[in-house]
$ cat data17.pdb   # PDB, C-alpha atoms and all ligand atoms
ATOM      1  CA  MET P  87    -128.946  80.973 120.497  1.00  0.00           C
ATOM      2  CA  PRO P  88    -125.648  82.243 118.995  1.00  0.00           C
ATOM      3  CA  SER P  89    -125.696  82.615 115.211  1.00  0.00           C
ATOM      4  CA  LEU P  90    -123.816  80.122 113.066  1.00  0.00           C
ATOM      5  CA  GLU P  91    -121.541  82.994 112.004  1.00  0.00           C
ATOM      6  CA  SER P  92    -120.489  83.645 115.608  1.00  0.00           C
ATOM      7  CA  THR P  93    -120.153  79.912 116.340  1.00  0.00           C
ATOM      8  CA  LEU P  94    -117.846  79.749 113.328  1.00  0.00           C
ATOM      9  CA  LEU P  95    -115.475  82.405 114.674  1.00  0.00           C
ATOM     10  CA  GLN P  96    -115.748  80.943 118.182  1.00  0.00           C
ATOM     11  CA  SER P  97    -114.588  77.586 116.788  1.00  0.00           C
ATOM     12  CA  TRP P  98    -111.370  79.298 115.630  1.00  0.00           C
ATOM     13  CA  HIS P  99    -110.812  80.667 119.140  1.00  0.00           C
ATOM     14  CA  ASN P 100    -111.124  77.098 120.438  1.00  0.00           C
ATOM     15  CA  ASN P 101    -109.183  75.441 117.616  1.00  0.00           C
ATOM     16  CA  ALA P 102    -106.366  77.984 117.284  1.00  0.00           C
ATOM     17  CA  HIS P 103    -103.626  75.938 118.979  1.00  0.00           C
ATOM     18  CA  ALA P 104    -104.557  72.737 117.154  1.00  0.00           C
ATOM     19  CA  TRP P 105    -104.643  74.687 113.861  1.00  0.00           C
ATOM     20  CA  ILE P 106    -101.163  76.163 114.411  1.00  0.00           C
ATOM     21  CA  GLU P 107     -99.822  72.658 115.049  1.00  0.00           C
ATOM     22  CA  VAL P 108    -101.497  71.210 111.944  1.00  0.00           C
ATOM     23  CA  ILE P 109    -100.269  73.977 109.638  1.00  0.00           C
ATOM     24  CA  ARG P 110     -96.751  74.180 110.980  1.00  0.00           C
ATOM     25  CA  SER P 111     -96.250  70.410 110.968  1.00  0.00           C
ATOM     26  CA  GLY P 112     -97.359  70.256 107.328  1.00  0.00           C
ATOM     27  CA  ALA P 113    -100.055  67.723 108.166  1.00  0.00           C
ATOM     28  CA  ILE P 114    -102.521  68.725 105.432  1.00  0.00           C
ATOM     29  CA  GLU P 115    -101.304  66.904 102.329  1.00  0.00           C
ATOM     30  CA  SER P 116    -103.362  68.895  99.824  1.00  0.00           C
ATOM     31  CA  ARG P 117    -101.765  72.101 101.090  1.00  0.00           C
ATOM     32  CA  GLN P 118     -98.262  70.663 100.858  1.00  0.00           C
ATOM     33  CA  GLN P 119     -98.778  69.141  97.432  1.00  0.00           C
ATOM     34  CA  VAL P 120    -101.032  71.636  95.679  1.00  0.00           C
ATOM     35  CA  THR P 121    -102.851  74.537  97.261  1.00  0.00           C
ATOM     36  CA  ASP P 122    -100.063  76.461  99.072  1.00  0.00           C
ATOM     37  CA  GLN P 123     -98.093  76.730  95.862  1.00  0.00           C
ATOM     38  CA  ALA P 124    -101.230  77.521  93.848  1.00  0.00           C
ATOM     39  CA  ILE P 125    -102.113  80.633  95.832  1.00  0.00           C
ATOM     40  CA  VAL P 126     -98.524  81.870  96.048  1.00  0.00           C
ATOM     41  CA  LEU P 127     -98.185  81.561  92.257  1.00  0.00           C
ATOM     42  CA  ALA P 128    -101.547  83.246  91.648  1.00  0.00           C
ATOM     43  CA  ILE P 129    -100.518  86.186  93.854  1.00  0.00           C
ATOM     44  CA  MET P 130     -96.999  86.493  92.426  1.00  0.00           C
ATOM     45  CA  GLY P 131     -98.408  86.396  88.907  1.00  0.00           C
ATOM     46  CA  ARG P 132    -100.079  89.754  89.592  1.00  0.00           C
ATOM     47  CA  GLN P 133     -96.761  91.301  90.718  1.00  0.00           C
ATOM     48  CA  PRO P 134     -98.273  93.172  93.682  1.00  0.00           C
ATOM     49  CA  GLN P 135     -96.222  95.356  95.994  1.00  0.00           C
ATOM     50  CA  ARG P 136     -98.692  95.528  98.883  1.00  0.00           C
ATOM     51  CA  VAL P 137    -100.919  92.590  99.830  1.00  0.00           C
ATOM     52  CA  LEU P 138    -103.566  92.135 102.522  1.00  0.00           C
ATOM     53  CA  ASP P 139    -104.102  88.539 103.672  1.00  0.00           C
ATOM     54  CA  LEU P 140    -107.716  88.330 104.871  1.00  0.00           C
ATOM     55  CA  GLY P 141    -108.188  85.615 107.505  1.00  0.00           C
ATOM     56  CA  CYS P 142    -104.422  85.114 107.675  1.00  0.00           C
ATOM     57  CA  GLY P 143    -104.513  82.522 110.464  1.00  0.00           C
ATOM     58  CA  GLU P 144    -101.059  81.778 111.901  1.00  0.00           C
ATOM     59  CA  GLY P 145     -99.490  83.646 108.995  1.00  0.00           C
ATOM     60  CA  TRP P 146     -97.791  81.098 106.724  1.00  0.00           C
ATOM     61  CA  LEU P 147     -98.817  83.020 103.594  1.00  0.00           C
ATOM     62  CA  LEU P 148     -97.610  86.319 105.049  1.00  0.00           C
ATOM     63  CA  ARG P 149     -94.200  84.739 105.601  1.00  0.00           C
ATOM     64  CA  ALA P 150     -94.154  83.277 102.089  1.00  0.00           C
ATOM     65  CA  LEU P 151     -94.959  86.690 100.584  1.00  0.00           C
ATOM     66  CA  VAL P 152     -92.487  88.636 102.732  1.00  0.00           C
ATOM     67  CA  ASP P 153     -89.784  86.117 101.703  1.00  0.00           C
ATOM     68  CA  ARG P 154     -90.568  87.091  98.100  1.00  0.00           C
ATOM     69  CA  GLY P 155     -90.120  90.796  98.749  1.00  0.00           C
ATOM     70  CA  ILE P 156     -93.799  91.721  99.131  1.00  0.00           C
ATOM     71  CA  GLU P 157     -95.103  94.072 101.821  1.00  0.00           C
ATOM     72  CA  ALA P 158     -97.722  91.803 103.377  1.00  0.00           C
ATOM     73  CA  THR P 159    -100.283  92.702 106.039  1.00  0.00           C
ATOM     74  CA  GLY P 160    -102.546  90.179 107.725  1.00  0.00           C
ATOM     75  CA  VAL P 161    -105.866  90.383 109.496  1.00  0.00           C
ATOM     76  CA  ASP P 162    -107.710  87.675 111.396  1.00  0.00           C
ATOM     77  CA  GLY P 163    -110.451  87.480 114.002  1.00  0.00           C
ATOM     78  CA  ASP P 164    -108.567  85.209 116.360  1.00  0.00           C
ATOM     79  CA  ALA P 165    -106.002  86.829 118.665  1.00  0.00           C
ATOM     80  CA  THR P 166    -104.053  83.604 119.326  1.00  0.00           C
ATOM     81  CA  LEU P 167    -103.504  83.045 115.602  1.00  0.00           C
ATOM     82  CA  VAL P 168    -102.493  86.673 115.030  1.00  0.00           C
ATOM     83  CA  GLU P 169    -100.072  86.521 117.953  1.00  0.00           C
ATOM     84  CA  ALA P 170     -98.552  83.352 116.465  1.00  0.00           C
ATOM     85  CA  ALA P 171     -98.228  85.135 113.107  1.00  0.00           C
ATOM     86  CA  ARG P 172     -96.473  88.082 114.770  1.00  0.00           C
ATOM     87  CA  LEU P 173     -94.120  85.860 116.763  1.00  0.00           C
ATOM     88  CA  ALA P 174     -93.175  84.043 113.561  1.00  0.00           C
ATOM     89  CA  GLY P 175     -92.152  87.310 111.923  1.00  0.00           C
ATOM     90  CA  ALA P 176     -95.290  88.927 110.485  1.00  0.00           C
ATOM     91  CA  SER P 177     -94.885  92.401 111.936  1.00  0.00           C
ATOM     92  CA  GLN P 178     -98.054  93.718 110.301  1.00  0.00           C
ATOM     93  CA  ALA P 179    -100.894  91.548 111.551  1.00  0.00           C
ATOM     94  CA  HIS P 180    -104.151  92.906 112.956  1.00  0.00           C
ATOM     95  CA  VAL P 181    -106.846  91.311 115.089  1.00  0.00           C
ATOM     96  CA  ALA P 182    -110.271  92.148 113.683  1.00  0.00           C
ATOM     97  CA  SER P 183    -113.435  90.221 112.992  1.00  0.00           C
ATOM     98  CA  TYR P 184    -114.966  90.373 109.530  1.00  0.00           C
ATOM     99  CA  GLU P 185    -117.906  92.166 111.104  1.00  0.00           C
ATOM    100  CA  ALA P 186    -115.526  94.912 112.314  1.00  0.00           C
ATOM    101  CA  LEU P 187    -114.026  95.136 108.829  1.00  0.00           C
ATOM    102  CA  VAL P 188    -117.488  95.571 107.300  1.00  0.00           C
ATOM    103  CA  GLU P 189    -118.297  98.286 109.816  1.00  0.00           C
ATOM    104  CA  ALA P 190    -114.825  99.810 109.233  1.00  0.00           C
ATOM    105  CA  THR P 191    -114.262 100.173 112.976  1.00  0.00           C
ATOM    106  CA  VAL P 192    -110.587  99.135 112.655  1.00  0.00           C
ATOM    107  CA  ASP P 193    -107.843 100.575 110.516  1.00  0.00           C
ATOM    108  CA  ILE P 194    -105.999  97.839 108.627  1.00  0.00           C
ATOM    109  CA  GLY P 195    -104.530 100.117 105.961  1.00  0.00           C
ATOM    110  CA  ARG P 196    -105.744 100.699 102.423  1.00  0.00           C
ATOM    111  CA  ASP P 197    -104.557 101.057  98.827  1.00  0.00           C
ATOM    112  CA  TYR P 198    -103.585  97.414  98.602  1.00  0.00           C
ATOM    113  CA  ASP P 199    -102.616  96.066  95.173  1.00  0.00           C
ATOM    114  CA  LEU P 200    -104.083  92.698  96.058  1.00  0.00           C
ATOM    115  CA  ILE P 201    -106.180  91.092  98.791  1.00  0.00           C
ATOM    116  CA  CYS P 202    -106.040  87.329  99.228  1.00  0.00           C
ATOM    117  CA  ALA P 203    -108.268  84.999 101.221  1.00  0.00           C
ATOM    118  CA  ASN P 204    -106.945  81.451 101.543  1.00  0.00           C
ATOM    119  CA  PHE P 205    -109.678  79.112 102.799  1.00  0.00           C
ATOM    120  CA  SER P 206    -110.880  81.922 105.031  1.00  0.00           C
ATOM    121  CA  LEU P 207    -114.284  82.884 103.593  1.00  0.00           C
ATOM    122  CA  LEU P 208    -116.390  80.379 105.474  1.00  0.00           C
ATOM    123  CA  GLN P 209    -119.436  82.430 106.458  1.00  0.00           C
ATOM    124  CA  GLN P 210    -122.770  82.882 104.683  1.00  0.00           C
ATOM    125  CA  ASP P 211    -122.865  86.612 104.245  1.00  0.00           C
ATOM    126  CA  ILE P 212    -119.675  87.384 102.297  1.00  0.00           C
ATOM    127  CA  ILE P 213    -120.905  90.179 100.015  1.00  0.00           C
ATOM    128  CA  PRO P 214    -120.600  93.072 102.550  1.00  0.00           C
ATOM    129  CA  LEU P 215    -117.108  91.846 103.481  1.00  0.00           C
ATOM    130  CA  LEU P 216    -116.017  91.608  99.844  1.00  0.00           C
ATOM    131  CA  ALA P 217    -117.458  95.077  99.193  1.00  0.00           C
ATOM    132  CA  ALA P 218    -115.485  96.420 102.173  1.00  0.00           C
ATOM    133  CA  MET P 219    -112.334  94.781 100.778  1.00  0.00           C
ATOM    134  CA  ASN P 220    -113.061  96.299  97.360  1.00  0.00           C
ATOM    135  CA  ALA P 221    -112.807  99.746  98.951  1.00  0.00           C
ATOM    136  CA  LEU P 222    -109.324  98.928 100.320  1.00  0.00           C
ATOM    137  CA  LEU P 223    -107.881  98.101  96.888  1.00  0.00           C
ATOM    138  CA  VAL P 224    -106.189 100.477  94.474  1.00  0.00           C
ATOM    139  CA  PRO P 225    -108.131 100.984  91.221  1.00  0.00           C
ATOM    140  CA  GLY P 226    -107.692  97.811  89.179  1.00  0.00           C
ATOM    141  CA  GLY P 227    -106.507  95.936  92.279  1.00  0.00           C
ATOM    142  CA  ALA P 228    -107.148  92.211  92.553  1.00  0.00           C
ATOM    143  CA  LEU P 229    -108.844  89.814  94.917  1.00  0.00           C
ATOM    144  CA  VAL P 230    -107.525  86.233  95.021  1.00  0.00           C
ATOM    145  CA  ILE P 231    -109.722  83.675  96.764  1.00  0.00           C
ATOM    146  CA  GLN P 232    -108.776  80.049  97.283  1.00  0.00           C
ATOM    147  CA  THR P 233    -111.531  77.889  98.690  1.00  0.00           C
ATOM    148  CA  LEU P 234    -112.865  74.357  98.819  1.00  0.00           C
ATOM    149  CA  HIS P 235    -113.872  73.238  95.352  1.00  0.00           C
ATOM    150  CA  PRO P 236    -117.678  73.019  95.495  1.00  0.00           C
ATOM    151  CA  TRP P 237    -117.875  69.970  93.233  1.00  0.00           C
ATOM    152  CA  ALA P 238    -115.264  68.122  95.288  1.00  0.00           C
ATOM    153  CA  VAL P 239    -117.022  68.661  98.621  1.00  0.00           C
ATOM    154  CA  ALA P 240    -120.712  68.815  97.630  1.00  0.00           C
ATOM    155  CA  ALA P 241    -121.291  65.206  98.760  1.00  0.00           C
ATOM    156  CA  GLY P 242    -124.391  64.934  96.591  1.00  0.00           C
ATOM    157  CA  ASP P 243    -126.006  68.142  97.876  1.00  0.00           C
ATOM    158  CA  TYR P 244    -125.124  70.904  95.429  1.00  0.00           C
ATOM    159  CA  GLN P 245    -126.833  73.910  96.910  1.00  0.00           C
ATOM    160  CA  ASP P 246    -125.809  76.793  99.145  1.00  0.00           C
ATOM    161  CA  GLY P 247    -126.195  76.009 102.821  1.00  0.00           C
ATOM    162  CA  TRP P 248    -124.530  75.501 106.153  1.00  0.00           C
ATOM    163  CA  ARG P 249    -122.435  72.367 106.680  1.00  0.00           C
ATOM    164  CA  GLU P 250    -120.293  71.106 109.543  1.00  0.00           C
ATOM    165  CA  GLU P 251    -116.564  70.379 109.590  1.00  0.00           C
ATOM    166  CA  THR P 252    -115.648  67.950 112.353  1.00  0.00           C
ATOM    167  CA  PHE P 253    -111.887  67.883 111.638  1.00  0.00           C
ATOM    168  CA  ALA P 254    -112.030  64.091 111.824  1.00  0.00           C
ATOM    169  CA  GLY P 255    -108.629  62.697 110.978  1.00  0.00           C
ATOM    170  CA  PHE P 256    -106.794  65.742 112.318  1.00  0.00           C
ATOM    171  CA  LYS P 257    -104.625  65.226 115.394  1.00  0.00           C
ATOM    172  CA  GLY P 258    -105.508  67.129 118.571  1.00  0.00           C
ATOM    173  CA  GLN P 259    -108.627  68.510 120.218  1.00  0.00           C
ATOM    174  CA  TRP P 260    -111.063  70.152 117.814  1.00  0.00           C
ATOM    175  CA  GLN P 261    -114.420  71.839 118.151  1.00  0.00           C
ATOM    176  CA  PRO P 262    -116.686  71.265 115.128  1.00  0.00           C
ATOM    177  CA  MET P 263    -116.994  74.289 112.860  1.00  0.00           C
ATOM    178  CA  PRO P 264    -120.084  75.367 110.916  1.00  0.00           C
ATOM    179  CA  TRP P 265    -119.188  76.593 107.421  1.00  0.00           C
ATOM    180  CA  TYR P 266    -121.232  77.750 104.484  1.00  0.00           C
ATOM    181  CA  PHE P 267    -121.152  75.690 101.287  1.00  0.00           C
ATOM    182  CA  ARG P 268    -121.397  77.829  98.158  1.00  0.00           C
ATOM    183  CA  THR P 269    -121.929  76.661  94.590  1.00  0.00           C
ATOM    184  CA  LEU P 270    -119.717  77.936  91.789  1.00  0.00           C
ATOM    185  CA  SER P 271    -122.376  80.346  90.524  1.00  0.00           C
ATOM    186  CA  SER P 272    -122.934  81.585  94.072  1.00  0.00           C
ATOM    187  CA  TRP P 273    -119.230  82.481  94.351  1.00  0.00           C
ATOM    188  CA  ILE P 274    -119.293  84.292  91.025  1.00  0.00           C
ATOM    189  CA  ASN P 275    -122.513  86.164  91.865  1.00  0.00           C
ATOM    190  CA  ALA P 276    -121.058  87.253  95.207  1.00  0.00           C
ATOM    191  CA  LEU P 277    -118.005  88.695  93.451  1.00  0.00           C
ATOM    192  CA  ASP P 278    -120.237  90.535  91.008  1.00  0.00           C
ATOM    193  CA  MET P 279    -122.462  91.936  93.774  1.00  0.00           C
ATOM    194  CA  ALA P 280    -119.381  93.189  95.622  1.00  0.00           C
ATOM    195  CA  GLY P 281    -118.106  95.101  92.595  1.00  0.00           C
ATOM    196  CA  PHE P 282    -115.590  92.610  91.240  1.00  0.00           C
ATOM    197  CA  GLU P 283    -115.140  91.191  87.758  1.00  0.00           C
ATOM    198  CA  LEU P 284    -113.880  87.634  87.416  1.00  0.00           C
ATOM    199  CA  ALA P 285    -110.444  87.668  85.770  1.00  0.00           C
ATOM    200  CA  GLY P 286    -109.386  84.061  86.235  1.00  0.00           C
ATOM    201  CA  LEU P 287    -110.539  80.719  87.579  1.00  0.00           C
ATOM    202  CA  GLN P 288    -108.267  77.789  88.369  1.00  0.00           C
ATOM    203  CA  GLU P 289    -108.898  74.306  89.711  1.00  0.00           C
ATOM    204  CA  PRO P 290    -105.563  73.303  91.254  1.00  0.00           C
ATOM    205  CA  GLN P 291    -105.198  69.549  91.030  1.00  0.00           C
ATOM    206  CA  HIS P 292    -102.696  66.876  91.959  1.00  0.00           C
ATOM    207  CA  PRO P 293    -101.845  64.615  89.011  1.00  0.00           C
ATOM    208  CA  GLN P 294    -102.730  61.544  91.062  1.00  0.00           C
ATOM    209  CA  SER P 295    -106.050  62.860  92.338  1.00  0.00           C
ATOM    210  CA  PRO P 296    -109.343  62.508  90.454  1.00  0.00           C
ATOM    211  CA  VAL P 297    -110.771  65.725  91.937  1.00  0.00           C
ATOM    212  CA  PRO P 298    -109.469  69.291  92.168  1.00  0.00           C
ATOM    213  CA  GLN P 299    -107.926  70.257  95.506  1.00  0.00           C
ATOM    214  CA  SER P 300    -109.438  73.741  95.469  1.00  0.00           C
ATOM    215  CA  LEU P 301    -111.167  76.465  93.522  1.00  0.00           C
ATOM    216  CA  LEU P 302    -109.055  79.553  92.941  1.00  0.00           C
ATOM    217  CA  LEU P 303    -110.765  82.745  91.807  1.00  0.00           C
ATOM    218  CA  VAL P 304    -108.990  85.894  90.675  1.00  0.00           C
ATOM    219  CA  ALA P 305    -111.187  88.976  90.429  1.00  0.00           C
ATOM    220  CA  GLU P 306    -110.486  92.614  89.672  1.00  0.00           C
ATOM    221  CA  ARG P 307    -112.032  95.704  91.176  1.00  0.00           C
ATOM    222  CA  CYS P 308    -114.451  97.070  88.567  1.00  0.00           C
TER     223      CYS P 308
HETATM  224  C1  LIG P 401    -109.088  77.676 107.509  1.00  0.00           C
HETATM  225  S1  LIG P 401    -108.377  79.044 108.386  1.00  0.00           S
HETATM  226  C2  LIG P 401    -107.302  79.681 107.133  1.00  0.00           C
HETATM  227  C3  LIG P 401    -106.164  80.469 107.690  1.00  0.00           C
HETATM  228  C4  LIG P 401    -105.108  80.905 106.664  1.00  0.00           C
HETATM  229  N1  LIG P 401    -105.687  81.728 105.621  1.00  0.00           N
HETATM  230  C5  LIG P 401    -104.409  79.716 106.076  1.00  0.00           C
HETATM  231  O1  LIG P 401    -104.354  79.589 104.851  1.00  0.00           O
HETATM  232  O2  LIG P 401    -103.879  78.890 106.853  1.00  0.00           O
HETATM  233  C6  LIG P 401    -109.723  80.234 108.429  1.00  0.00           C
HETATM  234  C7  LIG P 401    -109.349  81.560 109.096  1.00  0.00           C
HETATM  235  O3  LIG P 401    -110.449  82.470 108.966  1.00  0.00           O
HETATM  236  C8  LIG P 401    -110.560  83.208 110.166  1.00  0.00           C
HETATM  237  N2  LIG P 401    -111.954  83.647 110.317  1.00  0.00           N
HETATM  238  C9  LIG P 401    -113.080  82.904 110.156  1.00  0.00           C
HETATM  239  N3  LIG P 401    -114.175  83.630 110.415  1.00  0.00           N
HETATM  240  C10 LIG P 401    -113.749  84.873 110.741  1.00  0.00           C
HETATM  241  C11 LIG P 401    -114.408  86.097 111.097  1.00  0.00           C
HETATM  242  N4  LIG P 401    -115.747  86.181 111.184  1.00  0.00           N
HETATM  243  N5  LIG P 401    -113.654  87.179 111.352  1.00  0.00           N
HETATM  244  C12 LIG P 401    -112.299  87.122 111.252  1.00  0.00           C
HETATM  245  N6  LIG P 401    -111.604  85.993 110.940  1.00  0.00           N
HETATM  246  C13 LIG P 401    -112.327  84.889 110.678  1.00  0.00           C
HETATM  247  C14 LIG P 401    -110.186  82.221 111.252  1.00  0.00           C
HETATM  248  O4  LIG P 401    -109.805  82.855 112.454  1.00  0.00           O
HETATM  249  C15 LIG P 401    -109.083  81.422 110.580  1.00  0.00           C
HETATM  250  O5  LIG P 401    -107.806  81.945 110.876  1.00  0.00           O
END

$ encode --input "data17.pdb" --output "structure tokens"
Amino acid sequence: MPSLESTLLQSWHNNAHAWIEVIRSGAIESRQQVTDQAIVLAIMGRQPQRVLDLGCGEGWLLRALVDRGIEATGVDGDATLVEAARLAGASQAHVASYEALVEATVDIGRDYDLICANFSLLQQDIIPLLAAMNALLVPGGALVIQTLHPWAVAAGDYQDGWREETFAGFKGQWQPMPWYFRTLSSWINALDMAGFELAGLQEPQHPQSPVPQSLLLVAERC
């Protein structure tokens, strides 16, 4: 039986083309209205020169950062997404699984001012990965995580555990994806265990929505 972690990454191999289409057509309203701008502003507010985008996908955030004069490097475990990022102008994009990053078997550069992860920390065991990212930051460097807001997606079951995303409502062919639901305290504990100190917490929201569109955590290397 494959682990849920490997099924998760496998789902991105299968869903890569559908994902590129969804992102590039602007089909996810919450991204267009709220969360894309929220993470760009959170990153720019730290005035970084060098940024690593962890789980960069097809690279929209890399392009947004490069357009703003930032040296941005991406890494993602799916080769199709990384190739799409490169073809769209992200010259520095690496293919590597999170497991490879934890084991440090690939060189993705170091001494980053900031590492961001936009809806890309979906697995259970994030502490070793965050600790590995900690080691790639300059002293005082920052980690910016945007993720699903746990209170908005708990669906009455507010405890850590695996869930399933079926991508219902998205156009195209999709394979369901297992993902790990994490409570707010679980996120904050994971940061602490990986050597980060919480420096900011935002709940980006659309004025016409009763729930936040995401949880945005800014943490500094201790
Ligand atoms: C929801 S997408 C987000 C992509 C991008 N950050 C964005 O904002 O559009 C999640 C990304 O995490 C990557 N990912 C998930 N699990 C991974 C793993 N174990 N190793 C490397 N990448 C992984 C996927 O390939 C996918 O590109």

$ closest_residue --input "data17.pdb" --among "P:Pro134, P:Pro88, P:Gly141, P:Gly227" --to "P:Ala285" --atoms "only C-alpha atoms"
P:Gly227

$ residues_near_ligand --input "data17.pdb" --ligand "ligand LIG 401 (chain P)" --cutoff "7 Å" --atoms "all atoms listed in the file" --output "list in words"
Glu91, Ser92, Leu94, Leu95, Trp98, Ile109, Leu140, Gly141, Cys142, Gly143, Glu144, Gly145, Trp146, Leu147, Asp162, Gly163, Asp164, Leu167, Ala182, Ser183, Tyr184, Glu185, Ala203, Asn204, Phe205, Ser206, Leu207, Leu208 and Gln209 of chain P

$ atom_distance --input "data17.pdb" --atom1 "atom CA of P:Thr159" --atom2 "atom CA of P:Val137"
6.2 Å

$ resolve_selection --input "data17.pdb" --expression "the PyMOL selection byres (((chain P and resi 274) around 12) and not hetatm)" --output "list in words"
Ile212, Ile213, Leu216, Ile231, Arg268, Thr269, Leu270, Ser271, Ser272, Trp273, Asn275, Ala276, Leu277, Asp278, Met279, Ala280, Gly281, Phe282, Glu283, Leu284, Ala285, Gly286, Leu287, Leu301, Leu302, Leu303, Val304 and Ala305 of chain P

$ axis_aligned_box --input "data17.pdb" --around "stretch 229-232 of chain P" --padding-each-side "5 Å" --output "AutoDock Vina command-line options"
--center_x -108.6 --center_y 84.9 --center_z 96.1 --size_x 12.2 --size_y 19.8 --size_z 12.4

$ resolve_selection --input "data17.pdb" --expression "the PyMOL selection byres (((chain P and resi 158) around 9) and not hetatm)" --output "tab-separated table (two decimals) with C-alpha atoms, keeping the file's coordinate frame"
chain	number	residue	atom	x	y	z
P	135	GLN	CA	-96.22	95.36	95.99
P	136	ARG	CA	-98.69	95.53	98.88
P	137	VAL	CA	-100.92	92.59	99.83
P	138	LEU	CA	-103.57	92.14	102.52
P	139	ASP	CA	-104.10	88.54	103.67
P	147	LEU	CA	-98.82	83.02	103.59
P	148	LEU	CA	-97.61	86.32	105.05
P	149	ARG	CA	-94.20	84.74	105.60
P	151	LEU	CA	-94.96	86.69	100.58
P	152	VAL	CA	-92.49	88.64	102.73
P	155	GLY	CA	-90.12	90.80	98.75
P	156	ILE	CA	-93.80	91.72	99.13
P	157	GLU	CA	-95.10	94.07	101.82
P	159	THR	CA	-100.28	92.70	106.04
P	160	GLY	CA	-102.55	90.18	107.72
P	176	ALA	CA	-95.29	88.93	110.48
P	178	GLN	CA	-98.05	93.72	110.30
P	179	ALA	CA	-100.89	91.55	111.55

$ closest_residue --input "data17.pdb" --among "P:Ser295, P:Asn100, P:Gly242, P:Arg307" --to "P:Ser116" --atoms "all atoms listed in the file"
P:Ser295

$ closest_residue --input "data17.pdb" --among "P:Pro225, P:Ser89, P:His235, P:Pro298" --to "P:Trp248" --atoms "only C-alpha atoms"
P:Ser89
